[in-house]
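*Asks:* Dropping in entry-v9.txt, with compact mmCIF, N, CA, C and O atoms.
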# COMPACT_ATOMS: atom_id res chain seq x y z
N ARG A 1 0.83 -1.19 0.00
CA ARG A 1 0.00 0.00 0.00
C ARG A 1 0.87 1.24 0.00
O ARG A 1 1.95 1.25 0.55
N SER A 2 0.34 2.26 -0.57
CA SER A 2 1.11 3.50 -0.67
C SER A 2 0.14 4.66 -0.86
O SER A 2 -0.99 4.48 -1.27
N SER A 3 0.62 5.85 -0.53
CA SER A 3 -0.21 7.03 -0.78
C SER A 3 -0.07 7.50 -2.22
O SER A 3 -0.80 8.37 -2.66
N ASP A 4 0.88 6.95 -2.97
CA ASP A 4 1.04 7.22 -4.40
C ASP A 4 0.65 5.96 -5.17
O ASP A 4 1.02 4.86 -4.79
N LEU A 5 -0.04 6.14 -6.28
CA LEU A 5 -0.50 5.00 -7.06
C LEU A 5 0.62 4.36 -7.87
O LEU A 5 1.43 5.05 -8.47
N SER A 6 0.63 3.04 -7.88
CA SER A 6 1.51 2.30 -8.77
C SER A 6 0.81 2.15 -10.11
O SER A 6 -0.41 2.12 -10.19
N GLU A 7 1.60 2.05 -11.16
CA GLU A 7 1.05 1.78 -12.48
C GLU A 7 1.37 0.33 -12.83
O GLU A 7 2.53 -0.08 -12.80
N ILE A 8 0.34 -0.44 -13.12
CA ILE A 8 0.52 -1.85 -13.46
C ILE A 8 0.14 -2.05 -14.92
O ILE A 8 -0.94 -1.68 -15.35
N THR A 9 1.08 -2.61 -15.67
CA THR A 9 0.83 -2.94 -17.07
C THR A 9 1.21 -4.41 -17.29
O THR A 9 1.85 -5.03 -16.44
N TRP A 10 0.81 -4.93 -18.44
CA TRP A 10 1.07 -6.33 -18.77
C TRP A 10 1.74 -6.41 -20.13
O TRP A 10 1.38 -5.68 -21.05
N GLN A 11 2.70 -7.30 -20.24
CA GLN A 11 3.35 -7.59 -21.52
C GLN A 11 3.11 -9.06 -21.82
O GLN A 11 3.30 -9.91 -20.94
N ALA A 12 2.68 -9.35 -23.03
CA ALA A 12 2.39 -10.73 -23.41
C ALA A 12 2.90 -11.02 -24.81
O ALA A 12 2.96 -10.12 -25.66
N SER A 13 3.26 -12.27 -25.03
CA SER A 13 3.66 -12.71 -26.35
C SER A 13 2.49 -12.55 -27.32
O SER A 13 1.33 -12.49 -26.91
N ALA A 14 2.78 -12.52 -28.59
CA ALA A 14 1.74 -12.30 -29.61
C ALA A 14 0.66 -13.38 -29.57
O ALA A 14 -0.49 -13.11 -29.89
N ASN A 15 1.00 -14.60 -29.17
CA ASN A 15 0.03 -15.70 -29.15
C ASN A 15 -0.83 -15.71 -27.89
O ASN A 15 -1.63 -16.62 -27.71
N VAL A 16 -0.64 -14.74 -27.02
CA VAL A 16 -1.38 -14.71 -25.75
C VAL A 16 -2.29 -13.48 -25.74
O VAL A 16 -1.87 -12.39 -25.40
N GLN A 17 -3.53 -13.68 -26.15
CA GLN A 17 -4.49 -12.59 -26.19
C GLN A 17 -5.32 -12.63 -24.91
O GLN A 17 -5.94 -13.64 -24.62
N GLY A 18 -5.31 -11.53 -24.16
CA GLY A 18 -6.04 -11.52 -22.90
C GLY A 18 -6.65 -10.16 -22.61
O GLY A 18 -6.48 -9.21 -23.36
N ASN A 19 -7.34 -10.10 -21.49
CA ASN A 19 -7.97 -8.87 -21.02
C ASN A 19 -7.41 -8.51 -19.66
O ASN A 19 -7.17 -9.39 -18.83
N VAL A 20 -7.25 -7.22 -19.43
CA VAL A 20 -6.72 -6.72 -18.16
C VAL A 20 -7.84 -6.07 -17.38
O VAL A 20 -8.64 -5.32 -17.92
N ASN A 21 -7.87 -6.37 -16.08
CA ASN A 21 -8.82 -5.73 -15.18
C ASN A 21 -8.01 -5.17 -14.01
O ASN A 21 -7.41 -5.92 -13.24
N THR A 22 -7.98 -3.84 -13.90
CA THR A 22 -7.23 -3.17 -12.83
C THR A 22 -8.19 -2.37 -11.97
O THR A 22 -9.04 -1.65 -12.50
N THR A 23 -8.07 -2.54 -10.66
CA THR A 23 -8.92 -1.81 -9.72
C THR A 23 -8.04 -1.08 -8.71
O THR A 23 -6.94 -1.53 -8.38
N THR A 24 -8.55 0.04 -8.26
CA THR A 24 -7.86 0.82 -7.22
C THR A 24 -8.79 0.95 -6.03
O THR A 24 -9.97 1.30 -6.18
N ILE A 25 -8.27 0.67 -4.86
CA ILE A 25 -9.04 0.77 -3.62
C ILE A 25 -8.48 1.93 -2.79
O ILE A 25 -7.27 1.98 -2.53
N ASN A 26 -9.34 2.84 -2.39
CA ASN A 26 -8.95 3.92 -1.49
C ASN A 26 -9.08 3.41 -0.06
O ASN A 26 -10.18 3.14 0.41
N ASN A 27 -7.97 3.24 0.61
CA ASN A 27 -7.99 2.75 1.99
C ASN A 27 -8.32 3.87 2.96
O ASN A 27 -8.12 5.05 2.67
N THR A 28 -8.82 3.51 4.12
CA THR A 28 -9.25 4.50 5.12
C THR A 28 -8.09 5.30 5.69
O THR A 28 -8.29 6.39 6.22
N ASP A 29 -6.86 4.79 5.56
CA ASP A 29 -5.70 5.52 6.09
C ASP A 29 -5.08 6.47 5.08
O ASP A 29 -3.99 6.99 5.29
N GLY A 30 -5.75 6.70 3.94
CA GLY A 30 -5.24 7.63 2.94
C GLY A 30 -4.33 7.00 1.90
O GLY A 30 -3.84 7.70 1.02
N THR A 31 -4.11 5.70 1.98
CA THR A 31 -3.28 5.02 0.99
C THR A 31 -4.17 4.34 -0.04
O THR A 31 -5.40 4.34 0.09
N PHE A 32 -3.55 3.79 -1.06
CA PHE A 32 -4.26 3.11 -2.14
C PHE A 32 -3.72 1.70 -2.31
O PHE A 32 -2.53 1.46 -2.11
N THR A 33 -4.58 0.81 -2.73
CA THR A 33 -4.18 -0.53 -3.13
C THR A 33 -4.59 -0.70 -4.58
O THR A 33 -5.75 -0.48 -4.93
N VAL A 34 -3.63 -1.08 -5.43
CA VAL A 34 -3.90 -1.29 -6.84
C VAL A 34 -3.79 -2.79 -7.11
O VAL A 34 -2.78 -3.41 -6.78
N ARG A 35 -4.83 -3.36 -7.72
CA ARG A 35 -4.84 -4.78 -8.09
C ARG A 35 -5.09 -4.88 -9.58
O ARG A 35 -5.94 -4.18 -10.12
N SER A 36 -4.38 -5.80 -10.20
CA SER A 36 -4.55 -5.99 -11.64
C SER A 36 -4.53 -7.48 -11.96
O SER A 36 -3.73 -8.23 -11.41
N GLN A 37 -5.43 -7.89 -12.86
CA GLN A 37 -5.52 -9.28 -13.29
C GLN A 37 -5.43 -9.34 -14.80
O GLN A 37 -6.00 -8.50 -15.50
N TYR A 38 -4.73 -10.36 -15.28
CA TYR A 38 -4.66 -10.63 -16.72
C TYR A 38 -5.42 -11.94 -16.94
O TYR A 38 -5.05 -12.97 -16.38
N ARG A 39 -6.47 -11.88 -17.72
CA ARG A 39 -7.29 -13.07 -17.97
C ARG A 39 -7.27 -13.41 -19.45
O ARG A 39 -7.33 -12.52 -20.30
N MET A 40 -7.22 -14.72 -19.72
CA MET A 40 -7.16 -15.18 -21.09
C MET A 40 -7.81 -16.54 -21.19
O MET A 40 -7.97 -17.24 -20.20
N VAL A 41 -8.17 -16.91 -22.39
CA VAL A 41 -8.66 -18.25 -22.66
C VAL A 41 -7.43 -19.10 -22.97
O VAL A 41 -6.65 -18.75 -23.86
N PRO A 42 -7.22 -20.20 -22.23
CA PRO A 42 -6.04 -21.01 -22.49
C PRO A 42 -6.13 -21.71 -23.85
O PRO A 42 -7.17 -22.28 -24.19
N THR A 43 -5.07 -21.62 -24.62
CA THR A 43 -5.01 -22.26 -25.93
C THR A 43 -3.68 -22.99 -26.07
O THR A 43 -2.71 -22.68 -25.37
N SER A 44 -3.63 -23.92 -27.00
CA SER A 44 -2.37 -24.63 -27.25
C SER A 44 -1.31 -23.67 -27.76
O SER A 44 -0.12 -23.86 -27.48
N GLU A 45 -1.71 -22.64 -28.49
CA GLU A 45 -0.75 -21.67 -29.02
C GLU A 45 -0.09 -20.86 -27.91
O GLU A 45 1.03 -20.37 -28.05
N ALA A 46 -0.78 -20.70 -26.78
CA ALA A 46 -0.23 -19.91 -25.67
C ALA A 46 0.72 -20.72 -24.79
O ALA A 46 1.47 -20.15 -24.00
N ASP A 47 0.70 -22.04 -24.92
CA ASP A 47 1.57 -22.88 -24.11
C ASP A 47 3.03 -22.54 -24.34
O ASP A 47 3.48 -22.45 -25.49
N GLY A 48 3.77 -22.29 -23.28
CA GLY A 48 5.18 -21.95 -23.37
C GLY A 48 5.45 -20.48 -23.62
O GLY A 48 6.62 -20.05 -23.63
N GLN A 49 4.42 -19.67 -23.81
CA GLN A 49 4.58 -18.24 -24.03
C GLN A 49 4.71 -17.51 -22.69
O GLN A 49 4.41 -18.06 -21.64
N THR A 50 5.12 -16.27 -22.73
CA THR A 50 5.37 -15.50 -21.52
C THR A 50 4.37 -14.37 -21.36
O THR A 50 4.04 -13.68 -22.33
N VAL A 51 3.90 -14.21 -20.12
CA VAL A 51 3.10 -13.05 -19.72
C VAL A 51 3.86 -12.41 -18.56
O VAL A 51 4.32 -13.10 -17.65
N ALA A 52 4.02 -11.08 -18.59
CA ALA A 52 4.77 -10.40 -17.54
C ALA A 52 3.95 -9.25 -16.96
O ALA A 52 3.35 -8.47 -17.70
N CYS A 53 3.94 -9.18 -15.65
CA CYS A 53 3.33 -8.06 -14.94
C CYS A 53 4.44 -7.04 -14.69
O CYS A 53 5.51 -7.38 -14.16
N VAL A 54 4.19 -5.79 -15.07
CA VAL A 54 5.19 -4.73 -14.91
C VAL A 54 4.61 -3.68 -13.97
O VAL A 54 3.54 -3.12 -14.24
N ILE A 55 5.31 -3.43 -12.87
CA ILE A 55 4.83 -2.48 -11.86
C ILE A 55 5.81 -1.31 -11.77
O ILE A 55 7.00 -1.50 -11.52
N ALA A 56 5.27 -0.12 -12.00
CA ALA A 56 6.09 1.09 -11.93
C ALA A 56 5.53 1.98 -10.81
O ALA A 56 4.32 2.11 -10.64
N HIS A 57 6.44 2.56 -10.04
CA HIS A 57 6.06 3.48 -8.96
C HIS A 57 7.09 4.59 -8.93
O HIS A 57 8.27 4.36 -9.20
N LYS A 58 6.67 5.78 -8.59
CA LYS A 58 7.59 6.92 -8.66
C LYS A 58 8.75 6.80 -7.68
O LYS A 58 9.77 7.43 -7.86
N THR A 59 8.63 5.93 -6.67
CA THR A 59 9.74 5.76 -5.72
C THR A 59 10.82 4.83 -6.26
O THR A 59 11.91 4.78 -5.71
N GLY A 60 10.53 4.10 -7.33
CA GLY A 60 11.52 3.19 -7.91
C GLY A 60 12.16 3.79 -9.13
O GLY A 60 11.54 4.53 -9.88
N SER A 61 13.43 3.45 -9.34
CA SER A 61 14.12 4.01 -10.51
C SER A 61 13.73 3.28 -11.80
O SER A 61 13.68 3.89 -12.86
N THR A 62 13.47 1.98 -11.70
CA THR A 62 13.03 1.21 -12.87
C THR A 62 11.84 0.35 -12.48
O THR A 62 11.70 -0.06 -11.32
N PRO A 63 10.97 0.06 -13.42
CA PRO A 63 9.81 -0.79 -13.11
C PRO A 63 10.25 -2.21 -12.73
O PRO A 63 11.27 -2.71 -13.20
N ALA A 64 9.47 -2.83 -11.88
CA ALA A 64 9.69 -4.23 -11.51
C ALA A 64 8.89 -5.10 -12.47
O ALA A 64 7.71 -4.85 -12.71
N THR A 65 9.54 -6.11 -13.02
CA THR A 65 8.89 -7.00 -13.99
C THR A 65 8.85 -8.41 -13.42
O THR A 65 9.85 -8.93 -12.93
N PHE A 66 7.66 -9.03 -13.50
CA PHE A 66 7.45 -10.38 -12.99
C PHE A 66 6.92 -11.27 -14.12
O PHE A 66 5.72 -11.34 -14.34
N PRO A 67 7.84 -11.94 -14.83
CA PRO A 67 7.40 -12.79 -15.95
C PRO A 67 6.95 -14.18 -15.48
O PRO A 67 7.45 -14.70 -14.48
N VAL A 68 6.00 -14.74 -16.22
CA VAL A 68 5.53 -16.10 -15.98
C VAL A 68 5.46 -16.81 -17.33
O VAL A 68 4.90 -16.28 -18.29
N VAL A 69 6.04 -18.01 -17.40
CA VAL A 69 5.93 -18.83 -18.61
C VAL A 69 4.71 -19.72 -18.43
O VAL A 69 4.59 -20.45 -17.44
N LEU A 70 3.78 -19.63 -19.38
CA LEU A 70 2.53 -20.38 -19.28
C LEU A 70 2.74 -21.86 -19.59
O LEU A 70 3.43 -22.21 -20.54
N SER A 71 2.13 -22.69 -18.76
CA SER A 71 2.13 -24.14 -18.98
C SER A 71 0.68 -24.56 -19.06
O SER A 71 -0.02 -24.65 -18.05
N ILE A 72 0.21 -24.79 -20.28
CA ILE A 72 -1.20 -25.07 -20.52
C ILE A 72 -1.36 -26.51 -20.99
O ILE A 72 -0.77 -26.90 -22.00
N ASN A 73 -2.13 -27.28 -20.26
CA ASN A 73 -2.45 -28.65 -20.68
C ASN A 73 -3.63 -28.60 -21.63
O ASN A 73 -4.63 -27.95 -21.34
N TYR A 74 -3.52 -29.28 -22.74
CA TYR A 74 -4.58 -29.27 -23.73
C TYR A 74 -4.60 -30.62 -24.44
O TYR A 74 -3.57 -31.30 -24.53
N PRO A 75 -5.74 -31.04 -24.91
CA PRO A 75 -5.80 -32.33 -25.61
C PRO A 75 -5.14 -32.22 -26.98
O PRO A 75 -5.13 -31.16 -27.59
N PRO A 76 -4.57 -33.31 -27.46
CA PRO A 76 -3.95 -33.27 -28.79
C PRO A 76 -5.01 -33.11 -29.88
O PRO A 76 -6.16 -33.51 -29.70
N VAL A 77 -4.61 -32.56 -30.99
CA VAL A 77 -5.48 -32.46 -32.16
C VAL A 77 -5.21 -33.71 -33.00
O VAL A 77 -4.08 -33.95 -33.41
N VAL A 78 -6.24 -34.48 -33.21
CA VAL A 78 -6.10 -35.75 -33.92
C VAL A 78 -6.95 -35.72 -35.18
O VAL A 78 -8.10 -35.30 -35.17
N THR A 79 -6.37 -36.18 -36.28
CA THR A 79 -7.12 -36.35 -37.52
C THR A 79 -6.96 -37.81 -37.96
O THR A 79 -5.92 -38.41 -37.77
N VAL A 80 -8.01 -38.34 -38.51
CA VAL A 80 -8.01 -39.71 -39.01
C VAL A 80 -8.25 -39.66 -40.51
O VAL A 80 -9.20 -39.03 -40.97
N THR A 81 -7.39 -40.33 -41.26
CA THR A 81 -7.55 -40.39 -42.71
C THR A 81 -7.74 -41.85 -43.13
O THR A 81 -7.32 -42.77 -42.44
N GLY A 82 -8.34 -42.05 -44.26
CA GLY A 82 -8.53 -43.38 -44.81
C GLY A 82 -9.95 -43.90 -44.68
O GLY A 82 -10.29 -44.92 -45.25
N TYR A 83 -10.81 -43.23 -43.94
CA TYR A 83 -12.19 -43.68 -43.78
C TYR A 83 -13.01 -43.18 -44.96
O TYR A 83 -13.04 -42.00 -45.25
N ASP A 84 -13.71 -44.08 -45.64
CA ASP A 84 -14.44 -43.70 -46.84
C ASP A 84 -15.95 -43.89 -46.73
O ASP A 84 -16.65 -43.96 -47.73
N ASP A 85 -16.48 -44.00 -45.51
CA ASP A 85 -17.92 -44.18 -45.26
C ASP A 85 -18.47 -45.48 -45.82
O ASP A 85 -19.67 -45.64 -45.99
N ASN A 86 -17.59 -46.43 -46.14
CA ASN A 86 -18.06 -47.69 -46.70
C ASN A 86 -17.36 -48.85 -46.00
O ASN A 86 -16.71 -49.68 -46.63
N TRP A 87 -17.49 -48.88 -44.69
CA TRP A 87 -16.82 -49.93 -43.93
C TRP A 87 -17.81 -50.99 -43.52
O TRP A 87 -18.96 -50.71 -43.21
N TYR A 88 -17.34 -52.22 -43.51
CA TYR A 88 -18.18 -53.34 -43.10
C TYR A 88 -17.29 -54.46 -42.55
O TYR A 88 -16.07 -54.46 -42.77
N VAL A 89 -17.88 -55.38 -41.84
CA VAL A 89 -17.16 -56.50 -41.24
C VAL A 89 -16.50 -57.32 -42.34
O VAL A 89 -17.10 -57.57 -43.40
N ASN A 90 -15.26 -57.71 -42.10
CA ASN A 90 -14.44 -58.53 -43.00
C ASN A 90 -13.98 -57.80 -44.26
O ASN A 90 -13.55 -58.44 -45.22
N ARG A 91 -14.11 -56.49 -44.31
CA ARG A 91 -13.58 -55.75 -45.46
C ARG A 91 -12.07 -55.90 -45.46
O ARG A 91 -11.42 -55.84 -44.44
N GLU A 92 -11.49 -56.05 -46.62
CA GLU A 92 -10.05 -56.25 -46.75
C GLU A 92 -9.39 -55.03 -47.37
O GLU A 92 -10.04 -54.21 -48.01
N GLN A 93 -8.07 -54.96 -47.21
CA GLN A 93 -7.24 -53.92 -47.79
C GLN A 93 -7.71 -52.52 -47.40
O GLN A 93 -7.91 -51.65 -48.25
N VAL A 94 -7.88 -52.33 -46.07
CA VAL A 94 -8.23 -51.00 -45.56
C VAL A 94 -7.10 -50.50 -44.68
O VAL A 94 -6.33 -51.29 -44.14
N GLN A 95 -7.04 -49.20 -44.56
CA GLN A 95 -5.99 -48.61 -43.75
C GLN A 95 -6.50 -47.30 -43.15
O GLN A 95 -7.07 -46.47 -43.86
N ILE A 96 -6.28 -47.16 -41.85
CA ILE A 96 -6.60 -45.91 -41.17
C ILE A 96 -5.30 -45.35 -40.61
O ILE A 96 -4.51 -46.08 -40.03
N GLU A 97 -5.10 -44.06 -40.78
CA GLU A 97 -3.93 -43.40 -40.23
C GLU A 97 -4.39 -42.32 -39.27
O GLU A 97 -5.34 -41.60 -39.55
N GLU A 98 -3.70 -42.23 -38.16
CA GLU A 98 -4.01 -41.21 -37.15
C GLU A 98 -2.82 -40.24 -37.09
O GLU A 98 -1.67 -40.66 -37.06
N HIS A 99 -3.11 -38.96 -37.12
CA HIS A 99 -2.08 -37.93 -37.12
C HIS A 99 -2.32 -37.01 -35.92
O HIS A 99 -3.39 -36.46 -35.78
N THR A 100 -1.30 -36.86 -35.09
CA THR A 100 -1.44 -35.93 -33.95
C THR A 100 -0.51 -34.78 -34.12
O THR A 100 0.44 -34.84 -34.84
Please go through the file and, once you have read it, give me the structure as structure tokens.

*Replies:*
Amino acid sequence: RSSDLSEITWQASANVQGNVNTTTINNTDGTFTVRSQYRMVPTSEADGQTVACVIAHKTGSTPATFPVVLSINYPPVVTVTGYDDNWYVNREQVQIEEHT
């Protein structure tokens, strides 16, 4: 908390599209609390990308940066080829390939 407001910004890789929500609370003792959230929809493209919170305050000479590397679990994308809508029991010389 401080009587001077901090400025909070976010830096994100190009594959990480998100929304920022920043709120300021006026405390009863004359100070302020600044809270900021970065929200995004997790995607496979964002896995391994970096999001950084950058906090600047007039009492500091340089902004403080807090990077986080995203680790997003996601199901694999699977495609099946070779299916021709004409399958039946005992059909011969067929082949299905799965690609992940």

*Asks:* Write out as a PyMOL selection string the residues lying within 6 Å of Gln49 in chain A, counting all atoms listed in the file and excluding same-chain residues fewer than 2 positions away.

*Replies:* chain A and resi 13+45-47+51+68-71

*Asks:* Considering only C-alpha atoms, state which residue in the set A:Cys53, A:Met40, A:Ala64, A:Val89 is at the smallest distance from Gln11 in chain A.

*Replies:*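 Selected residue with least distance to Gln11 in chain A: A:Cys53.
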
*Asks:* Interatomic distance between CA of Ala52 in chain A and CA of Asp4 in chain A?

*Replies:*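 Computed distance, CA of Ala52 in chain A to CA of Asp4 in chain A, equals 22.3 Å.
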
*Asks:* Please, which residues of chain A, numbered as in this document, come out strand (DSSP E or B) from DSSP, as an MDAnalysis selection string?

*Replies:* chainID A and resid 2 7:12 18:26 32:40 50:56 64:69 79:81 97:99

*Asks:* Residues near Ile96 in chain A, anyone? I mean within 8 Å using only N, CA, C and O atoms, not counting same-chain ones fewer than 5 positions away, as a list in words.

*Replies:*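 Here the answer would be Thr79, Val80, Thr81, Gly82 and Tyr83 of chain A.
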
*Asks:* With N, CA, C and O atoms retained, write the just-selected residues as a compact mmCIF listing (two decimals), in the coordinates of the input.

*Replies:*
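As a result, selection-v8.txt now contains:
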# COMPACT_ATOMS: atom_id res chain seq x y z
N THR A 79 -6.37 -36.18 -36.28
CA THR A 79 -7.12 -36.35 -37.52
C THR A 79 -6.96 -37.81 -37.96
O THR A 79 -5.92 -38.41 -37.77
N VAL A 80 -8.01 -38.34 -38.51
CA VAL A 80 -8.01 -39.71 -39.01
C VAL A 80 -8.25 -39.66 -40.51
O VAL A 80 -9.20 -39.03 -40.97
N THR A 81 -7.39 -40.33 -41.26
CA THR A 81 -7.55 -40.39 -42.71
C THR A 81 -7.74 -41.85 -43.13
O THR A 81 -7.32 -42.77 -42.44
N GLY A 82 -8.34 -42.05 -44.26
CA GLY A 82 -8.53 -43.38 -44.81
C GLY A 82 -9.95 -43.90 -44.68
O GLY A 82 -10.29 -44.92 -45.25
N TYR A 83 -10.81 -43.23 -43.94
CA TYR A 83 -12.19 -43.68 -43.78
C TYR A 83 -13.01 -43.18 -44.96
O TYR A 83 -13.04 -42.00 -45.25

*Asks:* Could you please determine the separation between CA of Pro67 in chain A and CA of Phe32 in chain A in Å, to one decimal place?

*Replies:*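 So the two atoms, CA of Pro67 in chain A and CA of Phe32 in chain A, lie 24.1 Å apart.
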
*Asks:* Ala12 in chain A: which residues within 6 Å, counting only N, CA, C and O atoms, same-chain residues fewer than 2 positions away excluded, as a list in words?

*Replies:*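 So the residues in contact are Trp10, Ala14, Asn15, Val16, Thr50, Val51 and Ala52 of chain A.
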
*Asks:* Around range 13-20 of chain A, fit a box with edges along x, y and z, padding it by 4 Å on each side, then list its centre and edge lengths in Å to one decimal as AutoDock Vina command-line options.

*Replies:*
--center_x -2.5 --center_y -11.0 --center_z -23.6 --size_x 20.3 --size_y 19.3 --size_z 20.5

*Asks:* Nearest residue to Thr33 in chain A out of A:Thr62, A:Gln95, A:Ser6, A:Asn90, using only C-alpha atoms?

*Replies:*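 That would be A:Ser6, the residue with the smallest distance to Thr33 in chain A.
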
*Asks:* Determine the nearest neighbour of Ile8 in chain A from the options A:Thr31, A:Thr23, A:Ala56, A:Ser44, counting all atoms listed in the file.

*Replies:*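 Between A:Thr31, A:Thr23, A:Ala56, A:Ser44, the residue approaching Ile8 in chain A most closely is A:Ala56.
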
*Asks:* I want to know what sits within 5 Å of range 20-22 of chain A, based on only N, CA, C and O atoms, with residues of the same chain fewer than 6 positions away left out; could you give that as a CSV table (one decimal) with N, CA, C and O atoms, in the coordinates of the input?

*Replies:*
chain,number,residue,atom,x,y,z
A,35,ARG,N,-4.8,-3.4,-7.7
A,35,ARG,CA,-4.8,-4.8,-8.1
A,35,ARG,C,-5.1,-4.9,-9.6
A,35,ARG,O,-5.9,-4.2,-10.1
A,36,SER,N,-4.4,-5.8,-10.2
A,36,SER,CA,-4.6,-6.0,-11.6
A,36,SER,C,-4.5,-7.5,-12.0
A,36,SER,O,-3.7,-8.2,-11.4
A,37,GLN,N,-5.4,-7.9,-12.9
A,37,GLN,CA,-5.5,-9.3,-13.3
A,37,GLN,C,-5.4,-9.3,-14.8
A,37,GLN,O,-6.0,-8.5,-15.5
A,38,TYR,N,-4.7,-10.4,-15.3
A,38,TYR,CA,-4.7,-10.6,-16.7
A,38,TYR,C,-5.4,-11.9,-16.9
A,38,TYR,O,-5.0,-13.0,-16.4

*Asks:* What is the distance, in Å and to one decimal place, between CA of Val78 in chain A and atom O of Thr43 in chain A?

*Replies:* 16.0 Å

*Asks:* Check the smallest atom-to-atom distance from each of A:Gln17, A:Phe66, A:Val77, A:Glu98 to Pro42 in chain A using only C-alpha atoms, then report the winner.

*Replies:*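 Counting only C-alpha atoms, the residue closest to Pro42 in chain A is A:Gln17.
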
*Asks:* When you count all atoms listed in the file, which of these residues is closest to Leu5 in chain A: A:Asn19, A:Thr59, A:Gln93, A:Thr28?

*Replies:* A:Thr59

*Asks:* Taking only C-alpha atoms into account, name the residue in A:His99, A:Gly60, A:Val41, A:Glu92 that is nearest to Pro76 in chain A.

*Replies:* A:His99
